[in-house]
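Okay, final-v9.txt now, which holds compact mmCIF, N, CA and C atoms:
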# COMPACT_ATOMS: atom_id res chain seq x y z
N MET Z 1 -1.66 -29.34 9.49
CA MET Z 1 -0.84 -28.70 8.50
C MET Z 1 -1.51 -27.45 7.95
N ASN Z 2 -2.83 -27.37 7.94
CA ASN Z 2 -3.55 -26.23 7.41
C ASN Z 2 -3.52 -25.03 8.34
N ASP Z 3 -3.13 -25.23 9.60
CA ASP Z 3 -3.13 -24.13 10.54
C ASP Z 3 -1.86 -23.27 10.46
N LEU Z 4 -0.93 -23.61 9.57
CA LEU Z 4 0.26 -22.79 9.40
C LEU Z 4 -0.11 -21.47 8.75
N LYS Z 5 0.49 -20.39 9.23
CA LYS Z 5 0.17 -19.06 8.74
C LYS Z 5 1.23 -18.61 7.75
N ASN Z 6 0.81 -18.07 6.63
CA ASN Z 6 1.73 -17.54 5.64
C ASN Z 6 2.19 -16.15 6.09
N ILE Z 7 3.50 -15.96 6.25
CA ILE Z 7 4.01 -14.69 6.78
C ILE Z 7 4.00 -13.59 5.73
N ASN Z 8 3.73 -13.91 4.49
CA ASN Z 8 3.76 -12.91 3.42
C ASN Z 8 2.39 -12.44 3.00
N THR Z 9 1.37 -12.67 3.81
CA THR Z 9 0.03 -12.20 3.45
C THR Z 9 -0.06 -10.70 3.60
N GLU Z 10 -1.01 -10.11 2.93
CA GLU Z 10 -1.16 -8.66 2.92
C GLU Z 10 -1.46 -8.11 4.32
N SER Z 11 -2.28 -8.82 5.09
CA SER Z 11 -2.63 -8.33 6.42
C SER Z 11 -1.41 -8.33 7.35
N ASP Z 12 -0.55 -9.31 7.21
CA ASP Z 12 0.65 -9.32 8.04
C ASP Z 12 1.61 -8.21 7.64
N PHE Z 13 1.69 -7.91 6.37
CA PHE Z 13 2.61 -6.87 5.91
C PHE Z 13 2.26 -5.52 6.51
N GLU Z 14 0.99 -5.26 6.68
CA GLU Z 14 0.56 -3.97 7.23
C GLU Z 14 0.99 -3.82 8.68
N ASN Z 15 1.15 -4.92 9.39
CA ASN Z 15 1.48 -4.87 10.81
C ASN Z 15 2.97 -5.03 11.07
N ARG Z 16 3.79 -5.09 10.02
CA ARG Z 16 5.22 -5.30 10.18
C ARG Z 16 6.01 -4.10 9.67
N THR Z 17 7.18 -3.93 10.27
CA THR Z 17 8.10 -2.88 9.87
C THR Z 17 9.46 -3.52 9.64
N GLY Z 18 10.12 -3.13 8.57
CA GLY Z 18 11.43 -3.68 8.25
C GLY Z 18 12.54 -2.96 9.00
N LEU Z 19 13.49 -3.72 9.47
CA LEU Z 19 14.67 -3.17 10.14
C LEU Z 19 15.91 -3.64 9.39
N ILE Z 20 16.83 -2.71 9.14
CA ILE Z 20 18.12 -3.06 8.57
C ILE Z 20 19.10 -3.07 9.74
N ILE Z 21 19.66 -4.24 10.00
CA ILE Z 21 20.53 -4.42 11.15
C ILE Z 21 21.95 -4.64 10.65
N TRP Z 22 22.84 -3.71 10.99
CA TRP Z 22 24.25 -3.82 10.62
C TRP Z 22 24.96 -4.63 11.69
N LEU Z 23 25.67 -5.66 11.27
CA LEU Z 23 26.26 -6.63 12.19
C LEU Z 23 27.78 -6.49 12.25
N LYS Z 24 28.34 -6.82 13.40
CA LYS Z 24 29.80 -6.88 13.53
C LYS Z 24 30.33 -8.16 12.91
N SER Z 25 29.56 -9.24 13.03
CA SER Z 25 29.91 -10.49 12.36
C SER Z 25 28.62 -11.27 12.13
N LYS Z 26 28.67 -12.18 11.18
CA LYS Z 26 27.46 -12.95 10.85
C LYS Z 26 27.34 -14.21 11.70
N ARG Z 27 28.18 -14.37 12.68
CA ARG Z 27 28.18 -15.57 13.51
C ARG Z 27 26.88 -15.70 14.31
N ASN Z 28 26.27 -14.61 14.71
CA ASN Z 28 25.09 -14.63 15.56
C ASN Z 28 23.80 -14.32 14.80
N VAL Z 29 23.78 -14.57 13.52
CA VAL Z 29 22.61 -14.23 12.70
C VAL Z 29 21.37 -14.98 13.17
N LYS Z 30 21.52 -16.21 13.60
CA LYS Z 30 20.36 -16.99 14.02
C LYS Z 30 19.65 -16.38 15.22
N ARG Z 31 20.36 -15.61 16.01
CA ARG Z 31 19.72 -14.94 17.15
C ARG Z 31 18.71 -13.90 16.71
N LEU Z 32 18.88 -13.36 15.51
CA LEU Z 32 17.93 -12.35 15.01
C LEU Z 32 16.55 -12.93 14.79
N MET Z 33 16.43 -14.23 14.63
CA MET Z 33 15.12 -14.85 14.45
C MET Z 33 14.25 -14.70 15.69
N ASN Z 34 14.85 -14.44 16.84
CA ASN Z 34 14.08 -14.22 18.06
C ASN Z 34 13.34 -12.89 18.03
N PHE Z 35 13.79 -11.96 17.20
CA PHE Z 35 13.20 -10.62 17.17
C PHE Z 35 12.08 -10.49 16.15
N GLY Z 36 12.10 -11.31 15.12
CA GLY Z 36 11.09 -11.22 14.07
C GLY Z 36 11.42 -12.18 12.94
N VAL Z 37 10.87 -11.87 11.77
CA VAL Z 37 11.07 -12.71 10.59
C VAL Z 37 12.35 -12.28 9.90
N LEU Z 38 13.33 -13.16 9.88
CA LEU Z 38 14.60 -12.88 9.21
C LEU Z 38 14.39 -13.04 7.71
N HIS Z 39 14.48 -11.92 6.99
CA HIS Z 39 14.16 -11.92 5.57
C HIS Z 39 15.39 -12.12 4.69
N TYR Z 40 16.50 -11.44 5.02
CA TYR Z 40 17.68 -11.47 4.15
C TYR Z 40 18.93 -11.24 4.99
N VAL Z 41 20.01 -11.91 4.62
CA VAL Z 41 21.31 -11.70 5.24
C VAL Z 41 22.32 -11.49 4.12
N SER Z 42 23.02 -10.36 4.16
CA SER Z 42 24.03 -10.07 3.16
C SER Z 42 25.33 -10.78 3.53
N LYS Z 43 25.92 -11.46 2.57
CA LYS Z 43 27.16 -12.18 2.83
C LYS Z 43 28.37 -11.25 2.82
N LYS Z 44 28.32 -10.23 1.98
CA LYS Z 44 29.49 -9.36 1.84
C LYS Z 44 29.45 -8.14 2.75
N MET Z 45 28.26 -7.56 2.96
CA MET Z 45 28.20 -6.28 3.64
C MET Z 45 27.82 -6.37 5.12
N ASP Z 46 27.61 -7.54 5.64
CA ASP Z 46 27.32 -7.75 7.06
C ASP Z 46 26.09 -6.96 7.55
N TYR Z 47 24.98 -7.18 6.88
CA TYR Z 47 23.72 -6.63 7.37
C TYR Z 47 22.62 -7.66 7.15
N ALA Z 48 21.54 -7.47 7.89
CA ALA Z 48 20.39 -8.37 7.77
C ALA Z 48 19.13 -7.53 7.76
N ILE Z 49 18.10 -8.04 7.09
CA ILE Z 49 16.80 -7.40 7.09
C ILE Z 49 15.84 -8.28 7.87
N VAL Z 50 15.23 -7.69 8.88
CA VAL Z 50 14.31 -8.41 9.76
C VAL Z 50 13.01 -7.64 9.81
N TYR Z 51 11.88 -8.35 9.69
CA TYR Z 51 10.57 -7.74 9.83
C TYR Z 51 10.04 -8.01 11.22
N VAL Z 52 9.64 -6.94 11.92
CA VAL Z 52 9.14 -7.05 13.29
C VAL Z 52 7.74 -6.44 13.37
N ASP Z 53 7.03 -6.74 14.45
CA ASP Z 53 5.72 -6.15 14.67
C ASP Z 53 5.85 -4.65 14.90
N THR Z 54 4.98 -3.88 14.26
CA THR Z 54 5.03 -2.43 14.40
C THR Z 54 4.68 -2.01 15.82
N LYS Z 55 3.83 -2.76 16.49
CA LYS Z 55 3.42 -2.41 17.86
C LYS Z 55 4.61 -2.42 18.81
N ASN Z 56 5.54 -3.34 18.62
CA ASN Z 56 6.67 -3.50 19.53
C ASN Z 56 7.96 -2.93 18.94
N LEU Z 57 7.86 -1.98 18.04
CA LEU Z 57 9.03 -1.49 17.32
C LEU Z 57 10.05 -0.85 18.25
N ASN Z 58 9.62 0.07 19.11
CA ASN Z 58 10.56 0.77 19.99
C ASN Z 58 11.25 -0.19 20.95
N GLN Z 59 10.50 -1.12 21.50
CA GLN Z 59 11.07 -2.09 22.42
C GLN Z 59 12.09 -2.97 21.69
N THR Z 60 11.77 -3.37 20.47
CA THR Z 60 12.68 -4.21 19.69
C THR Z 60 13.95 -3.45 19.33
N LEU Z 61 13.81 -2.18 18.97
CA LEU Z 61 14.99 -1.36 18.65
C LEU Z 61 15.92 -1.26 19.86
N GLU Z 62 15.36 -1.04 21.04
CA GLU Z 62 16.18 -0.95 22.25
C GLU Z 62 16.90 -2.26 22.51
N ARG Z 63 16.20 -3.37 22.38
CA ARG Z 63 16.80 -4.67 22.63
C ARG Z 63 17.91 -4.97 21.62
N LEU Z 64 17.66 -4.65 20.35
CA LEU Z 64 18.68 -4.92 19.33
C LEU Z 64 19.93 -4.07 19.53
N ASN Z 65 19.74 -2.81 19.90
CA ASN Z 65 20.90 -1.93 20.10
C ASN Z 65 21.75 -2.38 21.28
N LYS Z 66 21.18 -3.11 22.22
CA LYS Z 66 21.93 -3.61 23.37
C LYS Z 66 22.74 -4.86 23.04
N GLU Z 67 22.40 -5.53 21.95
CA GLU Z 67 23.11 -6.76 21.59
C GLU Z 67 24.54 -6.42 21.18
N ASN Z 68 25.50 -7.26 21.60
CA ASN Z 68 26.91 -6.94 21.35
C ASN Z 68 27.35 -7.24 19.91
N TYR Z 69 26.60 -7.99 19.16
CA TYR Z 69 26.97 -8.30 17.78
C TYR Z 69 26.33 -7.34 16.77
N VAL Z 70 25.59 -6.33 17.25
CA VAL Z 70 24.91 -5.36 16.38
C VAL Z 70 25.66 -4.04 16.40
N LYS Z 71 26.02 -3.55 15.21
CA LYS Z 71 26.65 -2.23 15.10
C LYS Z 71 25.61 -1.13 15.21
N SER Z 72 24.58 -1.21 14.36
CA SER Z 72 23.53 -0.21 14.36
C SER Z 72 22.27 -0.79 13.75
N VAL Z 73 21.15 -0.10 13.99
CA VAL Z 73 19.85 -0.54 13.49
C VAL Z 73 19.18 0.65 12.81
N GLU Z 74 18.66 0.42 11.60
CA GLU Z 74 17.93 1.45 10.86
C GLU Z 74 16.53 0.94 10.58
N VAL Z 75 15.56 1.85 10.65
CA VAL Z 75 14.18 1.50 10.31
C VAL Z 75 14.01 1.70 8.81
N SER Z 76 13.39 0.74 8.15
CA SER Z 76 13.19 0.80 6.71
C SER Z 76 12.26 1.95 6.34
N GLN Z 77 12.54 2.60 5.22
CA GLN Z 77 11.74 3.72 4.74
C GLN Z 77 10.68 3.28 3.74
N LEU Z 78 10.42 2.00 3.65
CA LEU Z 78 9.48 1.46 2.67
C LEU Z 78 8.09 2.03 2.84
N ARG Z 79 7.66 2.28 4.06
CA ARG Z 79 6.31 2.80 4.31
C ARG Z 79 6.15 4.23 3.79
N ASP Z 80 7.25 4.96 3.65
CA ASP Z 80 7.19 6.33 3.17
C ASP Z 80 7.01 6.43 1.66
N LEU Z 81 7.31 5.35 0.94
CA LEU Z 81 7.18 5.36 -0.51
C LEU Z 81 5.72 5.19 -0.92
N PRO Z 82 5.31 5.84 -1.99
CA PRO Z 82 3.93 5.65 -2.44
C PRO Z 82 3.71 4.24 -2.97
N ALA Z 83 2.54 3.70 -2.69
CA ALA Z 83 2.24 2.34 -3.13
C ALA Z 83 1.61 2.32 -4.52
N ASN Z 84 1.09 3.47 -4.94
CA ASN Z 84 0.40 3.53 -6.22
C ASN Z 84 1.10 4.56 -7.10
N TYR Z 85 1.57 4.14 -8.25
CA TYR Z 85 2.30 5.02 -9.16
C TYR Z 85 1.51 5.36 -10.42
N ASP Z 86 0.21 5.20 -10.40
CA ASP Z 86 -0.59 5.42 -11.60
C ASP Z 86 -0.57 6.88 -12.06
N ASP Z 87 -0.65 7.82 -11.15
CA ASP Z 87 -0.75 9.23 -11.51
C ASP Z 87 0.60 9.95 -11.56
N VAL Z 88 1.66 9.27 -11.27
CA VAL Z 88 2.97 9.92 -11.21
C VAL Z 88 3.38 10.45 -12.58
N LEU Z 89 3.16 9.67 -13.63
CA LEU Z 89 3.56 10.09 -14.97
C LEU Z 89 2.78 11.33 -15.42
N GLU Z 90 1.49 11.36 -15.14
CA GLU Z 90 0.68 12.52 -15.51
C GLU Z 90 1.12 13.76 -14.74
N GLU Z 91 1.43 13.59 -13.46
CA GLU Z 91 1.89 14.73 -12.66
C GLU Z 91 3.22 15.25 -13.16
N MET Z 92 4.11 14.34 -13.57
CA MET Z 92 5.40 14.77 -14.10
C MET Z 92 5.22 15.52 -15.41
N LYS Z 93 4.30 15.07 -16.28
CA LYS Z 93 4.04 15.77 -17.54
C LYS Z 93 3.53 17.18 -17.27
N LYS Z 94 2.60 17.31 -16.34
CA LYS Z 94 2.07 18.64 -16.00
C LYS Z 94 3.17 19.55 -15.47
N GLU Z 95 4.03 19.01 -14.63
CA GLU Z 95 5.11 19.80 -14.06
C GLU Z 95 6.09 20.25 -15.15
N ILE Z 96 6.40 19.37 -16.09
CA ILE Z 96 7.30 19.72 -17.19
C ILE Z 96 6.68 20.79 -18.07
N GLU Z 97 5.40 20.65 -18.39
CA GLU Z 97 4.71 21.66 -19.20
C GLU Z 97 4.68 23.01 -18.51
N GLU Z 98 4.46 23.01 -17.21
CA GLU Z 98 4.43 24.26 -16.45
C GLU Z 98 5.81 24.91 -16.45
N ASN Z 99 6.86 24.12 -16.32
CA ASN Z 99 8.21 24.67 -16.35
C ASN Z 99 8.54 25.25 -17.73
N LYS Z 100 8.14 24.57 -18.80
CA LYS Z 100 8.37 25.09 -20.15
C LYS Z 100 7.62 26.38 -20.38
N ARG Z 101 6.38 26.44 -19.91
CA ARG Z 101 5.57 27.65 -20.06
C ARG Z 101 6.20 28.81 -19.31
N GLN Z 102 6.70 28.55 -18.11
CA GLN Z 102 7.34 29.60 -17.31
C GLN Z 102 8.64 30.06 -17.97
N GLU Z 103 9.39 29.14 -18.58
CA GLU Z 103 10.62 29.52 -19.28
C GLU Z 103 10.31 30.41 -20.48
N LYS Z 104 9.24 30.09 -21.22
CA LYS Z 104 8.84 30.93 -22.36
C LYS Z 104 8.46 32.32 -21.90
N ILE Z 105 7.72 32.41 -20.80
CA ILE Z 105 7.30 33.71 -20.27
C ILE Z 105 8.53 34.51 -19.85
N ASP Z 106 9.47 33.86 -19.17
CA ASP Z 106 10.68 34.55 -18.73
C ASP Z 106 11.52 35.02 -19.92
N ALA Z 107 11.63 34.18 -20.95
CA ALA Z 107 12.40 34.55 -22.14
C ALA Z 107 11.74 35.72 -22.86
N PHE Z 108 10.42 35.73 -22.95
CA PHE Z 108 9.71 36.81 -23.60
C PHE Z 108 9.88 38.11 -22.83
N GLU Z 109 9.83 38.05 -21.51
CA GLU Z 109 9.98 39.26 -20.70
C GLU Z 109 11.39 39.83 -20.81
N GLN Z 110 12.38 38.94 -20.98
CA GLN Z 110 13.75 39.42 -21.13
C GLN Z 110 13.95 40.08 -22.49
N ASP Z 111 13.32 39.54 -23.54
CA ASP Z 111 13.46 40.10 -24.88
C ASP Z 111 12.65 41.38 -25.05
N ASN Z 112 11.52 41.46 -24.41
CA ASN Z 112 10.62 42.60 -24.54
C ASN Z 112 10.29 43.19 -23.17
N PRO Z 113 11.23 43.88 -22.57
CA PRO Z 113 10.94 44.46 -21.26
C PRO Z 113 9.90 45.58 -21.39
N LEU Z 114 9.00 45.61 -20.45
CA LEU Z 114 7.98 46.66 -20.45
C LEU Z 114 8.55 47.92 -19.84
N ASP Z 115 8.47 48.99 -20.61
CA ASP Z 115 8.93 50.28 -20.11
C ASP Z 115 7.71 51.15 -19.89
N TYR Z 116 7.30 51.27 -18.67
CA TYR Z 116 6.08 52.01 -18.37
C TYR Z 116 6.26 53.52 -18.51
N ASN Z 117 7.49 54.01 -18.55
CA ASN Z 117 7.72 55.44 -18.68
C ASN Z 117 7.44 55.92 -20.11
N ASN Z 118 7.56 55.03 -21.11
CA ASN Z 118 7.36 55.43 -22.49
C ASN Z 118 5.90 55.33 -22.92
N TRP Z 119 5.06 54.86 -22.11
CA TRP Z 119 3.64 54.74 -22.50
C TRP Z 119 2.98 56.04 -22.49
File written out as structure tokens:
Amino acid sequence: MNDLKNINTESDFENRTGLIIWLKSKRNVKRLMNFGVLHYVSKKMDYAIVYVDTKNLNQTLERLNKENYVKSVEVSQLRDLPANYDDVLEEMKKEIEENKRQEKIDAFEQDNPLDYNNW
């Protein structure tokens, strides 16, 4: 019993990629378990989320697209999102301050245009 592997460990997550699989019907959902870890099945919108090995991603995509019960397959964009949001608030504050400073400079230049001919 101790030799069972937890599929949600951090090391496994790094080697997996999420796929959003749009289905024609939910009748063949159990077949998706052959491709990877079936994470979620939507009852209303006819899609499923499956995690597959990143090494075999292209091969799995080709196989899934050939299945007759699959409308389309999308690769999850989760890996593109930043994992650490600690500095995001500080960066946003700096960006807002820079925009305010630039607006003040622009407003001042519009109110007081420099006329170099009168100098």
DSSP-assigned alpha helix (DSSP H) members of chain Z, reported as an NGL selection string: :Z and (10-14 or 57-66 or 88-111)
In chain Z, what's strand (DSSP E) per DSSP? Answer as a PyMOL selection string? chain Z and resi 16-23+37-41+47-53+70-75
Between atom C of Asp86 of chain Z and atom C of Gly18 of chain Z, what distance in Å does the model show, to one decimal?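 Between these atoms lies a distance of 26.7 Å.
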Might you pull out every residue within 7 Å of Thr17 of chain Z, with only N, CA and C atoms counted and same-chain residues fewer than 4 positions away left off, and present them as a list in words? Phe13, Val50, Tyr51, Val52, Asp53, Thr54, Val75 and Ser76 of chain Z
Which of Z:Tyr47, Z:Tyr40, Z:Tyr85, Z:Phe35 sits closest to Val70 of chain Z [using only C-alpha atoms]: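 The answer is Z:Tyr47, which sits nearest to Val70 of chain Z.
Atom CA of Lys55 of chain Z to atom CA of Leu19 of chain Z spans 13.7 Å [interatomic distance, one decimal].
Reported to one decimal place, the separation of atom CA of Ile20 of chain Z from atom CA of Leu61 of chain Z is 10.7 Å.
Among the candidates Z:Arg63, Z:Lys71, Z:Lys44, Z:His39, the residue lying nearest to Ile21 of chain Z is Z:Lys71 (atoms considered: only N, CA and C atoms).
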Segment 15-112 of chain Z from the block above, C-alpha atoms, as an mmCIF file, in the first residue's frame, please?
data_model
loop_
_atom_site.group_PDB
_atom_site.id
_atom_site.type_symbol
_atom_site.label_atom_id
_atom_site.label_comp_id
_atom_site.auth_asym_id
_atom_site.auth_seq_id
_atom_site.Cartn_x
_atom_site.Cartn_y
_atom_site.Cartn_z
ATOM 1 C CA ASN Z 15 6.471 16.960 -15.782
ATOM 2 C CA ARG Z 16 2.788 17.316 -16.709
ATOM 3 C CA THR Z 17 0.910 19.585 -19.073
ATOM 4 C CA GLY Z 18 -2.816 20.263 -18.923
ATOM 5 C CA LEU Z 19 -5.009 19.693 -21.948
ATOM 6 C CA ILE Z 20 -8.522 21.041 -22.392
ATOM 7 C CA ILE Z 21 -10.388 18.530 -24.525
ATOM 8 C CA TRP Z 22 -13.689 19.617 -26.091
ATOM 9 C CA LEU Z 23 -15.972 16.614 -26.527
ATOM 10 C CA LYS Z 24 -18.835 15.837 -28.881
ATOM 11 C CA SER Z 25 -20.466 13.823 -26.109
ATOM 12 C CA LYS Z 26 -19.527 12.714 -22.612
ATOM 13 C CA ARG Z 27 -20.260 9.068 -23.377
ATOM 14 C CA ASN Z 28 -16.580 8.240 -24.020
ATOM 15 C CA VAL Z 29 -15.056 10.182 -21.129
ATOM 16 C CA LYS Z 30 -13.561 7.055 -19.573
ATOM 17 C CA ARG Z 31 -11.407 6.581 -22.656
ATOM 18 C CA LEU Z 32 -9.563 9.794 -21.784
ATOM 19 C CA MET Z 33 -8.029 8.030 -18.787
ATOM 20 C CA ASN Z 34 -5.831 6.126 -21.256
ATOM 21 C CA PHE Z 35 -4.111 9.383 -22.227
ATOM 22 C CA GLY Z 36 -3.315 10.742 -18.770
ATOM 23 C CA VAL Z 37 -4.796 11.820 -15.460
ATOM 24 C CA LEU Z 38 -8.425 12.838 -15.913
ATOM 25 C CA HIS Z 39 -8.767 15.869 -13.652
ATOM 26 C CA TYR Z 40 -12.190 17.378 -14.412
ATOM 27 C CA VAL Z 41 -15.217 16.790 -16.635
ATOM 28 C CA SER Z 42 -17.725 19.571 -17.229
ATOM 29 C CA LYS Z 43 -21.321 18.400 -17.185
ATOM 30 C CA LYS Z 44 -22.769 21.371 -19.041
ATOM 31 C CA MET Z 45 -20.074 22.483 -21.470
ATOM 32 C CA ASP Z 46 -18.773 19.108 -22.716
ATOM 33 C CA TYR Z 47 -15.078 19.496 -21.993
ATOM 34 C CA ALA Z 48 -12.554 17.653 -19.878
ATOM 35 C CA ILE Z 49 -9.201 18.564 -18.367
ATOM 36 C CA VAL Z 50 -6.527 15.895 -18.638
ATOM 37 C CA TYR Z 51 -2.926 16.082 -17.435
ATOM 38 C CA VAL Z 52 -0.410 14.292 -19.663
ATOM 39 C CA ASP Z 53 3.363 13.833 -19.665
ATOM 40 C CA THR Z 54 5.126 16.804 -21.224
ATOM 41 C CA LYS Z 55 7.582 14.495 -23.003
ATOM 42 C CA ASN Z 56 4.785 12.842 -25.001
ATOM 43 C CA LEU Z 57 2.696 15.970 -25.553
ATOM 44 C CA ASN Z 58 2.843 16.118 -29.366
ATOM 45 C CA GLN Z 59 2.142 12.406 -29.748
ATOM 46 C CA THR Z 60 -0.796 12.644 -27.330
ATOM 47 C CA LEU Z 61 -2.226 15.669 -29.161
ATOM 48 C CA GLU Z 62 -2.118 13.785 -32.467
ATOM 49 C CA ARG Z 63 -3.796 10.734 -30.957
ATOM 50 C CA LEU Z 64 -6.522 12.797 -29.279
ATOM 51 C CA ASN Z 65 -7.302 14.756 -32.440
ATOM 52 C CA LYS Z 66 -7.838 11.465 -34.296
ATOM 53 C CA GLU Z 67 -10.451 10.276 -31.802
ATOM 54 C CA ASN Z 68 -13.999 10.578 -33.173
ATOM 55 C CA TYR Z 69 -15.532 11.822 -29.900
ATOM 56 C CA VAL Z 70 -13.115 14.806 -29.634
ATOM 57 C CA LYS Z 71 -14.022 18.158 -31.200
ATOM 58 C CA SER Z 72 -10.763 19.942 -30.435
ATOM 59 C CA VAL Z 73 -7.824 19.963 -28.031
ATOM 60 C CA GLU Z 74 -6.196 23.017 -26.426
ATOM 61 C CA VAL Z 75 -2.976 23.128 -24.437
ATOM 62 C CA SER Z 76 -3.361 24.809 -21.049
ATOM 63 C CA GLN Z 77 -1.668 28.192 -20.631
ATOM 64 C CA LEU Z 78 -0.983 27.614 -16.931
ATOM 65 C CA ARG Z 79 2.777 27.350 -17.459
ATOM 66 C CA ASP Z 80 2.832 30.855 -18.974
ATOM 67 C CA LEU Z 81 1.449 32.456 -15.810
ATOM 68 C CA PRO Z 82 3.907 33.658 -13.185
ATOM 69 C CA ALA Z 83 4.129 31.436 -10.139
ATOM 70 C CA ASN Z 84 5.273 34.179 -7.791
ATOM 71 C CA TYR Z 85 3.208 37.346 -7.344
ATOM 72 C CA ASP Z 86 5.234 38.988 -4.570
ATOM 73 C CA ASP Z 87 6.657 41.836 -6.662
ATOM 74 C CA VAL Z 88 3.638 42.455 -8.871
ATOM 75 C CA LEU Z 89 2.067 45.031 -6.537
ATOM 76 C CA GLU Z 90 5.301 47.016 -6.244
ATOM 77 C CA GLU Z 91 5.772 46.979 -10.015
ATOM 78 C CA MET Z 92 2.220 48.202 -10.528
ATOM 79 C CA LYS Z 93 2.773 51.059 -8.038
ATOM 80 C CA LYS Z 94 5.939 52.118 -9.865
ATOM 81 C CA GLU Z 95 4.148 52.008 -13.205
ATOM 82 C CA ILE Z 96 1.247 54.110 -11.878
ATOM 83 C CA GLU Z 97 3.638 56.684 -10.388
ATOM 84 C CA GLU Z 98 5.545 56.893 -13.666
ATOM 85 C CA ASN Z 99 2.311 57.435 -15.598
ATOM 86 C CA LYS Z 100 1.202 60.194 -13.186
ATOM 87 C CA ARG Z 101 4.595 61.883 -13.446
ATOM 88 C CA GLN Z 102 4.446 61.755 -17.251
ATOM 89 C CA GLU Z 103 0.907 63.203 -17.227
ATOM 90 C CA LYS Z 104 2.072 66.112 -15.035
ATOM 91 C CA ILE Z 105 4.979 66.798 -17.393
ATOM 92 C CA ASP Z 106 2.669 66.712 -20.418
ATOM 93 C CA ALA Z 107 0.138 69.018 -18.734
ATOM 94 C CA PHE Z 108 2.880 71.479 -17.766
ATOM 95 C CA GLU Z 109 4.286 71.527 -21.301
ATOM 96 C CA GLN Z 110 0.826 72.212 -22.721
ATOM 97 C CA ASP Z 111 0.231 75.096 -20.290
ATOM 98 C CA ASN Z 112 3.703 76.585 -20.679
#
